[in-house]
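So the structure is just underneath, and the comments pick up after that.
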Amino acid sequence: MALVYKFLQQFYSNIDYYIPNRYEEGYGVSMKGVDYAKETGVSLIIILDCGIKAIEEITYAKSLGIDFIICDHHVPDETMPPAVAILNPKRPDDSYPFKQLCGCGVGFKFMQAFAKNNGIPFSRLIPLLDFCAVSIAADIVPVVDENRILAYHGLKQLNQNPSVGLKSIIDICGLNGRELSMSDIIFKIGPRINASGRMENGKESVDLLVEKDFRAALEAAKHINEYNEQRKDIDKQMTEEANVIVSKLETLQHQSSIVLYDEHWKKGVIGIVASRLTEIYFRPTVVLTRDGDLATGSARSVMGFDVYSAIKSCRDLLMNFGGHTYAAGLTMRWADIPEFRKRFQQYVEDHIMPEQTEAMLDIDAEIDFKDISKRLHNDLKRFSPFGPGNPKPIFCTKGVYDYGTSKVVGREQEHIKLELVDSISGTVVNGIAFGQSASARYIKSKRSFDIAYTIEDNVFKRNQVQLQIEDIRPAEDNL
């Protein structure tokens with residue numbers, strides 16, 4: 001939304017934006033939003049990243065003389081809303097060659113066509129590409145084809161001349177002075193942009209993204225950062241509660257999915273909790289909370305499994321649902337959760353492959369530490385931006401040892417900062433293993449172990465690389 005509004009604002013003065021409150025109106029088009037448009041004299045609504053299933057709401061808007069243009073990338077139903085135009089590459093009758101654009105990407109293509117039809121040079125669109133990169137990274141879409149091109153040039157814009165709003169978030173994150181990557185967006189920038197909508201109202205994030213004054217943007221970014229801290233605390237608490245529930249499910253090892261619900265969980269954070277559980281247990285996961293007599297929830301999936309199709313198979317139990325392969329939202333009657341859980345589990349069991357429910361790393365090559373250099377790292381960067389569909393190369397080195405200085409770090413002592421030497425070349429390298437402090441005692445025992453890792457820039461030592469350890473296991477001769 002910020003992208004489209006920011007571009008059109010250059011040519012029209014009579015435009016505004018509206019963000020529904022997810023706690024009062026749900027996601028997407030709402031009757032309250034349509035009524036607000038009527039009261040304020042709006043005759044055209046451009047809706048971004050939703051709306052493809054809002055048949056009732058858009059029919060109502062049409063009866064009031066309000067037109068809709070839908071820009072969406074979620075899977076449509078057989079019947080579509082009566083909008084004057086629907087831009088969605090997943091429409092069965094759509095001829096656009098690339099089907100995996102994110103919601104912001106669809107909005108960008110709309111503005112590109114608008115510019116072309118009105119004689120506006122493409123150079124006027126380039127400043128908006130940083131929004132595309134942020135959206136692609138945060139929206140769990142494949143970083144291939146046109147998404148990869150948009151992400152590449154968007155990252156270039158983000159690093160060289162970001163918008164005022166994004167620059168303020170970069171400052172708050174402490175990312176100044178380093179080359180930003182898709183990982184920085186996923187773990188630092190994206191969560192802060194989403195935080196206000198998860199905790200209160202997403203309008204604050206859009207206000208920030210379209211802000212023109214840096215000082216005002218910095219103050220807004222500080223406020224949004226506070227939301228993110230609150231979100232992390234609630235996320236942690238809910239995940240811990242969910243883990244307790246899962247630990248009591250004796251049948252989990254025989255089940256291919258997880259469906260959890262609690263009437264006290266916060267609606268804005270359940271998607272993150274679903275992601276956490278998917279990462280921990282390698283199962284397609286649905287997390288639900290209560291809203292009156294209804295249950296609203298979010299679903300997340302494991303690599304290669306279409307969770308949207310699994311939810312669609314239960315559509316007769318659902319009042320609303322939408323999404324794509326790896327992420328979806330749904331609403332049902334609270335009383336129907338047990339039946340939904342039963343049928344969702346059966347669908348997953350019938351369609352998932354056994355290897356999709358196990359932690360697996362696809363190792364690209366086994367190398368020695370002497371092979372790791374800045375030159376190799378620079379060559380690997382040429383394959384970027386990385387993400388789903390174009391994963392970062394993972395390497396393996398066997399028989400490595402602690403050099404003697406490895407230690408547990410982090411606010412809760414959950415990570416390991418490593419200094420390692422391999423037994424073949426004697427080369428020493430630095431590394432970080434996030435969330436793997438359970439392996440610290442073995443590492444300090446001076447026994448050898450094998451590691452799988454990606455090669456990253458060392459942000460503390462210029463022109464040096466470090467390893468980001470994905471997995472640690474005892475060497476075979478120590479088993």
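By order in the structure tokens, chains are A, B, ...; within a chain, residues start at 1; ligands start at 1, following the order shown.
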Just want the 9 Å neighbourhood of region 447-462 of chain A, counted on only C-alpha atoms, with same-chain residues fewer than 3 positions away dropped. Output as a PyMOL selection string.
chain A and resi 178+361+363+366+372+374+377+380+392-402+422-423+430-431+442-444+465-478
Compile the contact shell of Val164 (chain A) as JSON, numbers by chain: residues with an atom at most 7 Å away, counting only C-alpha atoms, same-chain residues fewer than 5 positions apart removed.
{"A": [211, 212, 213, 214, 217]}
Keeping only N, CA and C atoms, write the selected residues as a JSON list (two decimals), in the first residue's frame.
```json
[["chain", "number", "residue", "atom", "x", "y", "z"],
["A", 211, "GLU", "N", 6.40, 8.72, 5.26],
["A", 211, "GLU", "CA", 6.87, 9.96, 5.88],
["A", 211, "GLU", "C", 8.02, 10.58, 5.06],
["A", 212, "LYS", "N", 8.02, 11.93, 4.97],
["A", 212, "LYS", "CA", 9.05, 12.62, 4.19],
["A", 212, "LYS", "C", 10.10, 13.29, 5.07],
["A", 213, "ASP", "N", 9.78, 13.49, 6.33],
["A", 213, "ASP", "CA", 10.70, 14.17, 7.24],
["A", 213, "ASP", "C", 11.44, 13.12, 8.08],
["A", 214, "PHE", "N", 12.77, 13.10, 8.01],
["A", 214, "PHE", "CA", 13.53, 12.05, 8.68],
["A", 214, "PHE", "C", 13.40, 12.12, 10.19],
["A", 217, "ALA", "N", 10.20, 10.62, 11.12],
["A", 217, "ALA", "CA", 10.25, 9.17, 10.86],
["A", 217, "ALA", "C", 11.03, 8.45, 11.95]]
```
If you take only C-alpha atoms and a cut-off of 12 Å, which residues of region 283-372 of chain A touch region 234-249 of chain A, and what are their nearest atom pairs and distances in Å to one decimal, in chain and number order, as JSON lines?
```
{"residue": "A:Arg283", "atom": "CA", "partner": "A:Val246", "partner_atom": "CA", "distance": 11.6}
{"residue": "A:Thr285", "atom": "CA", "partner": "A:Val246", "partner_atom": "CA", "distance": 11.3}
{"residue": "A:Val286", "atom": "CA", "partner": "A:Ala242", "partner_atom": "CA", "distance": 11.3}
{"residue": "A:Val287", "atom": "CA", "partner": "A:Ala242", "partner_atom": "CA", "distance": 9.0}
{"residue": "A:Leu288", "atom": "CA", "partner": "A:Ala242", "partner_atom": "CA", "distance": 10.9}
{"residue": "A:Thr289", "atom": "CA", "partner": "A:Met238", "partner_atom": "CA", "distance": 11.2}
```
Can you write just those residues out, N, CA and C atoms, as a PDB file, in the first residue's frame?
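Output contents, as saved in part08.pdb:
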```
ATOM      1  N   ARG A 283       6.227 -29.732  11.032  1.00  0.00           N
ATOM      2  CA  ARG A 283       4.864 -30.138  10.694  1.00  0.00           C
ATOM      3  C   ARG A 283       4.102 -28.916  10.190  1.00  0.00           C
ATOM      4  N   THR A 285       1.388 -26.361  10.422  1.00  0.00           N
ATOM      5  CA  THR A 285       0.832 -25.967  11.709  1.00  0.00           C
ATOM      6  C   THR A 285      -0.260 -24.912  11.545  1.00  0.00           C
ATOM      7  N   VAL A 286      -1.337 -25.102  12.313  1.00  0.00           N
ATOM      8  CA  VAL A 286      -2.410 -24.111  12.397  1.00  0.00           C
ATOM      9  C   VAL A 286      -2.535 -23.686  13.852  1.00  0.00           C
ATOM     10  N   VAL A 287      -2.518 -22.371  14.103  1.00  0.00           N
ATOM     11  CA  VAL A 287      -2.689 -21.828  15.450  1.00  0.00           C
ATOM     12  C   VAL A 287      -3.913 -20.922  15.441  1.00  0.00           C
ATOM     13  N   LEU A 288      -4.833 -21.173  16.378  1.00  0.00           N
ATOM     14  CA  LEU A 288      -6.121 -20.472  16.411  1.00  0.00           C
ATOM     15  C   LEU A 288      -6.335 -19.770  17.744  1.00  0.00           C
ATOM     16  N   THR A 289      -7.059 -18.649  17.682  1.00  0.00           N
ATOM     17  CA  THR A 289      -7.495 -17.972  18.891  1.00  0.00           C
ATOM     18  C   THR A 289      -8.982 -17.659  18.769  1.00  0.00           C
TER      19      THR A 289
END
```
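Minimum atom-to-atom distances from A:Gly268, A:Pro142, A:Gly33, A:Gly154 to Leu125 (chain A) were compared using only C-alpha atoms, and the lowest value belongs to A:Gly154.
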Which of region 388-423 of chain A end up as strand (DSSP E or B) when DSSP is run on this backbone - answer as a PyMOL selection string?
chain A and resi 390+395-402+407-409+415-422
What's the 10 Å shell around Met360 (chain A), counting only C-alpha atoms, without same-chain residues fewer than 4 positions away, as a PDB file with all heavy atoms, in the first residue's frame?
```
ATOM      1  N   PHE A 282       8.666 -29.390  12.422  1.00  0.00           N
ATOM      2  CA  PHE A 282       8.621 -29.795  11.012  1.00  0.00           C
ATOM      3  C   PHE A 282       7.285 -30.429  10.647  1.00  0.00           C
ATOM      4  O   PHE A 282       7.219 -31.504  10.060  1.00  0.00           O
ATOM      5  CB  PHE A 282       9.795 -30.740  10.687  1.00  0.00           C
ATOM      6  CG  PHE A 282      11.126 -30.120  10.983  1.00  0.00           C
ATOM      7  CD1 PHE A 282      11.778 -30.388  12.173  1.00  0.00           C
ATOM      8  CD2 PHE A 282      11.701 -29.248  10.086  1.00  0.00           C
ATOM      9  CE1 PHE A 282      12.999 -29.803  12.462  1.00  0.00           C
ATOM     10  CE2 PHE A 282      12.919 -28.644  10.367  1.00  0.00           C
ATOM     11  CZ  PHE A 282      13.569 -28.921  11.557  1.00  0.00           C
ATOM     12  N   GLU A 355       9.901 -37.268   4.238  1.00  0.00           N
ATOM     13  CA  GLU A 355      11.088 -36.434   4.400  1.00  0.00           C
ATOM     14  C   GLU A 355      10.750 -34.968   4.701  1.00  0.00           C
ATOM     15  O   GLU A 355      11.594 -34.200   5.166  1.00  0.00           O
ATOM     16  CB  GLU A 355      11.988 -36.504   3.162  1.00  0.00           C
ATOM     17  CG  GLU A 355      11.345 -36.082   1.865  1.00  0.00           C
ATOM     18  CD  GLU A 355      10.697 -37.228   1.101  1.00  0.00           C
ATOM     19  OE1 GLU A 355      10.363 -38.259   1.734  1.00  0.00           O
ATOM     20  OE2 GLU A 355      10.521 -37.091  -0.125  1.00  0.00           O
ATOM     21  N   GLN A 356       9.487 -34.564   4.415  1.00  0.00           N
ATOM     22  CA  GLN A 356       9.089 -33.178   4.697  1.00  0.00           C
ATOM     23  C   GLN A 356       8.825 -32.933   6.179  1.00  0.00           C
ATOM     24  O   GLN A 356       8.714 -31.786   6.601  1.00  0.00           O
ATOM     25  CB  GLN A 356       7.835 -32.813   3.885  1.00  0.00           C
ATOM     26  CG  GLN A 356       8.098 -32.706   2.391  1.00  0.00           C
ATOM     27  CD  GLN A 356       6.827 -32.468   1.602  1.00  0.00           C
ATOM     28  OE1 GLN A 356       5.864 -33.214   1.703  1.00  0.00           O
ATOM     29  NE2 GLN A 356       6.818 -31.408   0.819  1.00  0.00           N
ATOM     30  N   ASP A 471      24.095 -26.515  11.618  1.00  0.00           N
ATOM     31  CA  ASP A 471      23.942 -27.750  12.395  1.00  0.00           C
ATOM     32  C   ASP A 471      25.314 -28.229  12.875  1.00  0.00           C
ATOM     33  O   ASP A 471      26.331 -28.003  12.218  1.00  0.00           O
ATOM     34  CB  ASP A 471      23.272 -28.837  11.544  1.00  0.00           C
ATOM     35  CG  ASP A 471      22.740 -29.993  12.396  1.00  0.00           C
ATOM     36  OD1 ASP A 471      22.472 -29.770  13.594  1.00  0.00           O
ATOM     37  OD2 ASP A 471      22.607 -31.108  11.870  1.00  0.00           O
TER      38      ASP A 471
END
```
So the first atom is CA of Gly323 (chain A) and the second is CA of Gln157 (chain A); what is the distance between them in Å, to one decimal place?
28.7 Å
Using Å and a single decimal, report how far CA of Lys267 (chain A) sits from CA of Ile311 (chain A).
18.6 Å
Counting only C-alpha atoms, give me one row per residue of region 215-297 of chain A with an atom at most 10 Å from an atom of region 184-191 of chain A, showing the shortest contact pair and its distance in Å to one decimal, sorted by chain then residue number, as a tab-separated table.
```
residue	atom	partner	partner_atom	distance
A:Ile224	CA	A:Pro191	CA	9.9
A:Asn225	CA	A:Pro191	CA	9.3
A:Tyr227	CA	A:Pro191	CA	9.9
A:Asn228	CA	A:Pro191	CA	7.0
A:Arg231	CA	A:Pro191	CA	9.1
A:Lys232	CA	A:Pro191	CA	9.5
A:Ile272	CA	A:Pro191	CA	9.8
```
Can you tell me how far CA of Phe386 (chain A) sits from CA of Val143 (chain A), in Å to one decimal?
6.5 Å
Proximity to Tyr261 (chain A) - best of A:Pro89, A:Gly329, A:Pro338, A:Gly292, only C-alpha atoms
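Checking each of A:Pro89, A:Gly329, A:Pro338, A:Gly292 against Tyr261 (chain A), counting only C-alpha atoms, the winner is A:Pro338.
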What's around Pro385 (chain A) at 8 Å? Count only C-alpha atoms, leave out sequence neighbours fewer than 5 positions away in its own chain, and write the answer as an mmCIF file with all heavy atoms, in the first residue's frame.
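Listed below is the output, selection_22.cif:
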```cif
data_model
loop_
_atom_site.group_PDB
_atom_site.id
_atom_site.type_symbol
_atom_site.label_atom_id
_atom_site.label_comp_id
_atom_site.auth_asym_id
_atom_site.auth_seq_id
_atom_site.Cartn_x
_atom_site.Cartn_y
_atom_site.Cartn_z
ATOM 1 N N VAL A 143 12.225 -16.499 -4.370
ATOM 2 C CA VAL A 143 13.131 -15.457 -4.870
ATOM 3 C C VAL A 143 13.743 -15.963 -6.179
ATOM 4 O O VAL A 143 14.931 -16.286 -6.274
ATOM 5 C CB VAL A 143 14.211 -15.117 -3.822
ATOM 6 C CG1 VAL A 143 15.050 -13.921 -4.293
ATOM 7 C CG2 VAL A 143 13.563 -14.776 -2.491
ATOM 8 N N ARG A 148 13.303 -12.211 -8.141
ATOM 9 C CA ARG A 148 14.748 -12.085 -7.911
ATOM 10 C C ARG A 148 15.274 -10.774 -8.495
ATOM 11 O O ARG A 148 16.126 -10.104 -7.902
ATOM 12 C CB ARG A 148 15.479 -13.287 -8.511
ATOM 13 C CG ARG A 148 16.942 -13.344 -8.106
ATOM 14 C CD ARG A 148 17.581 -14.663 -8.503
ATOM 15 N NE ARG A 148 19.021 -14.609 -8.259
ATOM 16 C CZ ARG A 148 19.925 -15.123 -9.066
ATOM 17 N NH1 ARG A 148 19.548 -15.762 -10.153
ATOM 18 N NH2 ARG A 148 21.209 -15.038 -8.788
ATOM 19 N N ALA A 151 13.989 -7.992 -6.261
ATOM 20 C CA ALA A 151 14.705 -8.017 -4.984
ATOM 21 C C ALA A 151 16.133 -7.500 -5.152
ATOM 22 O O ALA A 151 16.632 -6.753 -4.299
ATOM 23 C CB ALA A 151 14.719 -9.438 -4.410
ATOM 24 N N TYR A 152 16.788 -7.877 -6.232
ATOM 25 C CA TYR A 152 18.162 -7.430 -6.474
ATOM 26 C C TYR A 152 18.235 -5.900 -6.555
ATOM 27 O O TYR A 152 19.034 -5.252 -5.874
ATOM 28 C CB TYR A 152 18.703 -8.057 -7.766
ATOM 29 C CG TYR A 152 20.063 -7.531 -8.171
ATOM 30 C CD1 TYR A 152 21.225 -8.071 -7.628
ATOM 31 C CD2 TYR A 152 20.180 -6.484 -9.089
ATOM 32 C CE1 TYR A 152 22.479 -7.584 -7.990
ATOM 33 C CE2 TYR A 152 21.424 -5.984 -9.449
ATOM 34 C CZ TYR A 152 22.558 -6.542 -8.899
ATOM 35 O OH TYR A 152 23.793 -6.043 -9.246
ATOM 36 N N SER A 181 21.118 -7.301 3.497
ATOM 37 C CA SER A 181 20.760 -8.490 2.722
ATOM 38 C C SER A 181 19.295 -8.840 2.971
ATOM 39 O O SER A 181 18.620 -8.219 3.798
ATOM 40 C CB SER A 181 21.644 -9.667 3.131
ATOM 41 O OG SER A 181 21.344 -10.048 4.475
ATOM 42 N N MET A 182 18.829 -9.865 2.294
ATOM 43 C CA MET A 182 17.458 -10.334 2.514
ATOM 44 C C MET A 182 17.283 -10.806 3.958
ATOM 45 O O MET A 182 16.221 -10.633 4.558
ATOM 46 C CB MET A 182 17.131 -11.472 1.541
ATOM 47 C CG MET A 182 17.150 -11.076 0.078
ATOM 48 S SD MET A 182 15.847 -9.925 -0.393
ATOM 49 C CE MET A 182 14.544 -11.092 -0.858
ATOM 50 N N ASN A 390 15.726 -20.093 -4.117
ATOM 51 C CA ASN A 390 17.132 -19.800 -4.407
ATOM 52 C C ASN A 390 17.887 -19.730 -3.079
ATOM 53 O O ASN A 390 18.338 -18.664 -2.650
ATOM 54 C CB ASN A 390 17.271 -18.470 -5.166
ATOM 55 C CG ASN A 390 18.706 -18.200 -5.602
ATOM 56 O OD1 ASN A 390 19.428 -19.101 -6.011
ATOM 57 N ND2 ASN A 390 19.132 -16.938 -5.488
#
```
What lies within 9 Å of Ser275 (chain A) using only C-alpha atoms, ignoring chain neighbours under 6 positions off, as a list in words?
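Counting only C-alpha atoms, the residues come to Thr285, Ala299, Arg300 and Ser301 of chain A.
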Take the residues that were just selected and, keeping C-alpha atoms, output them as a CSV table (one decimal), in the first residue's frame.
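Produced file result-v9.csv, reproduced below:
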```
chain,number,residue,atom,x,y,z
A,285,THR,CA,0.8,-26.0,11.7
A,299,ALA,CA,-1.3,-21.6,9.1
A,300,ARG,CA,2.3,-22.1,8.1
A,301,SER,CA,3.9,-25.0,6.2
```
With only C-alpha atoms as the counted atoms, please give the residues lying no more than 7 Å from region 43-54 of chain A, apart from itself and same-chain residues fewer than 6 positions off, as a PyMOL selection string.
chain A and resi 1+28-29+65-73+76-77+80-81+103-104+107
For those residues, write C-alpha atoms to a file as a PDB file, in the first residue's frame.
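Written output follows (selection39.pdb):
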```
ATOM      1  CA  MET A   1       0.000   0.000   0.000  1.00  0.00           C
ATOM      2  CA  GLY A  28      -8.650  -7.077   4.202  1.00  0.00           C
ATOM      3  CA  VAL A  29     -11.819  -5.357   3.024  1.00  0.00           C
ATOM      4  CA  GLY A  65     -21.285   3.657  -6.135  1.00  0.00           C
ATOM      5  CA  ILE A  66     -17.732   2.792  -5.069  1.00  0.00           C
ATOM      6  CA  ASP A  67     -15.455   1.005  -7.540  1.00  0.00           C
ATOM      7  CA  PHE A  68     -12.647  -1.374  -6.591  1.00  0.00           C
ATOM      8  CA  ILE A  69      -9.322  -2.251  -8.211  1.00  0.00           C
ATOM      9  CA  ILE A  70      -7.894  -5.393  -6.590  1.00  0.00           C
ATOM     10  CA  CYS A  71      -4.142  -6.029  -6.525  1.00  0.00           C
ATOM     11  CA  ASP A  72      -3.657  -9.414  -4.894  1.00  0.00           C
ATOM     12  CA  HIS A  73      -1.464 -12.504  -5.136  1.00  0.00           C
ATOM     13  CA  PRO A  76      -8.712 -16.877  -5.885  1.00  0.00           C
ATOM     14  CA  ASP A  77     -11.958 -18.839  -5.646  1.00  0.00           C
ATOM     15  CA  MET A  80     -14.427 -13.373  -7.948  1.00  0.00           C
ATOM     16  CA  PRO A  81     -15.617 -10.018  -6.590  1.00  0.00           C
ATOM     17  CA  GLY A 103       1.362  -8.375  -3.031  1.00  0.00           C
ATOM     18  CA  CYS A 104       3.687  -5.379  -3.262  1.00  0.00           C
ATOM     19  CA  GLY A 107       1.139  -3.108  -6.879  1.00  0.00           C
TER      20      GLY A 107
END
```
Using only C-alpha atoms, which residue out of A:Val429, A:Ile416, A:Leu155, A:Ile19 lies closest to Gly197 (chain A)?
A:Ile19
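Considering only C-alpha atoms, the residue among A:Leu317, A:Arg341, A:Leu87, A:Glu146 positioned nearest to Leu260 (chain A) is A:Arg341.
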Residues at most 12 Å from Asp316 (chain A), counting only C-alpha atoms, excluding those fewer than 3 positions away in the same chain, as a PyMOL selection string?
chain A and resi 311-313+319-321+331-333+336+339-340+343
Pull N, CA and C atoms from the residues just selected and write them as a compact mmCIF listing (two decimals), in the first residue's frame.
```
# COMPACT_ATOMS: atom_id res chain seq x y z
N ILE A 311 -6.05 -26.58 3.77
CA ILE A 311 -7.13 -25.81 4.39
C ILE A 311 -8.36 -25.80 3.47
N LYS A 312 -8.13 -25.65 2.18
CA LYS A 312 -9.23 -25.61 1.22
C LYS A 312 -10.04 -26.91 1.25
N SER A 313 -9.38 -28.02 1.57
CA SER A 313 -10.08 -29.31 1.62
C SER A 313 -11.12 -29.35 2.74
N MET A 319 -15.64 -20.32 7.49
CA MET A 319 -16.41 -19.14 7.12
C MET A 319 -15.61 -18.25 6.19
N ASN A 320 -14.29 -18.35 6.29
CA ASN A 320 -13.41 -17.55 5.44
C ASN A 320 -12.01 -18.17 5.47
N PHE A 321 -11.30 -18.08 4.37
CA PHE A 321 -9.91 -18.52 4.34
C PHE A 321 -9.23 -17.91 3.12
N THR A 331 -10.92 -18.67 9.22
CA THR A 331 -11.92 -18.39 10.26
C THR A 331 -12.97 -19.49 10.23
N MET A 332 -13.34 -19.98 11.41
CA MET A 332 -14.37 -21.02 11.52
C MET A 332 -15.13 -20.83 12.83
N ARG A 333 -16.18 -21.61 13.01
CA ARG A 333 -16.87 -21.61 14.30
C ARG A 333 -15.99 -22.32 15.33
N ASP A 336 -16.30 -25.97 15.74
CA ASP A 336 -15.89 -26.86 14.64
C ASP A 336 -14.40 -27.19 14.65
N GLU A 339 -13.43 -31.06 14.56
CA GLU A 339 -13.65 -31.68 13.26
C GLU A 339 -12.63 -31.17 12.24
N PHE A 340 -12.33 -29.87 12.30
CA PHE A 340 -11.31 -29.32 11.39
C PHE A 340 -9.96 -29.99 11.64
N ARG A 343 -9.90 -33.50 10.10
CA ARG A 343 -9.86 -33.55 8.64
C ARG A 343 -8.58 -32.93 8.07
```
Have a look at A:Leu8, A:Ala195, A:Met111, A:Ala433 and name the one nearest to Val269 (chain A); count only C-alpha atoms.
A:Ala195
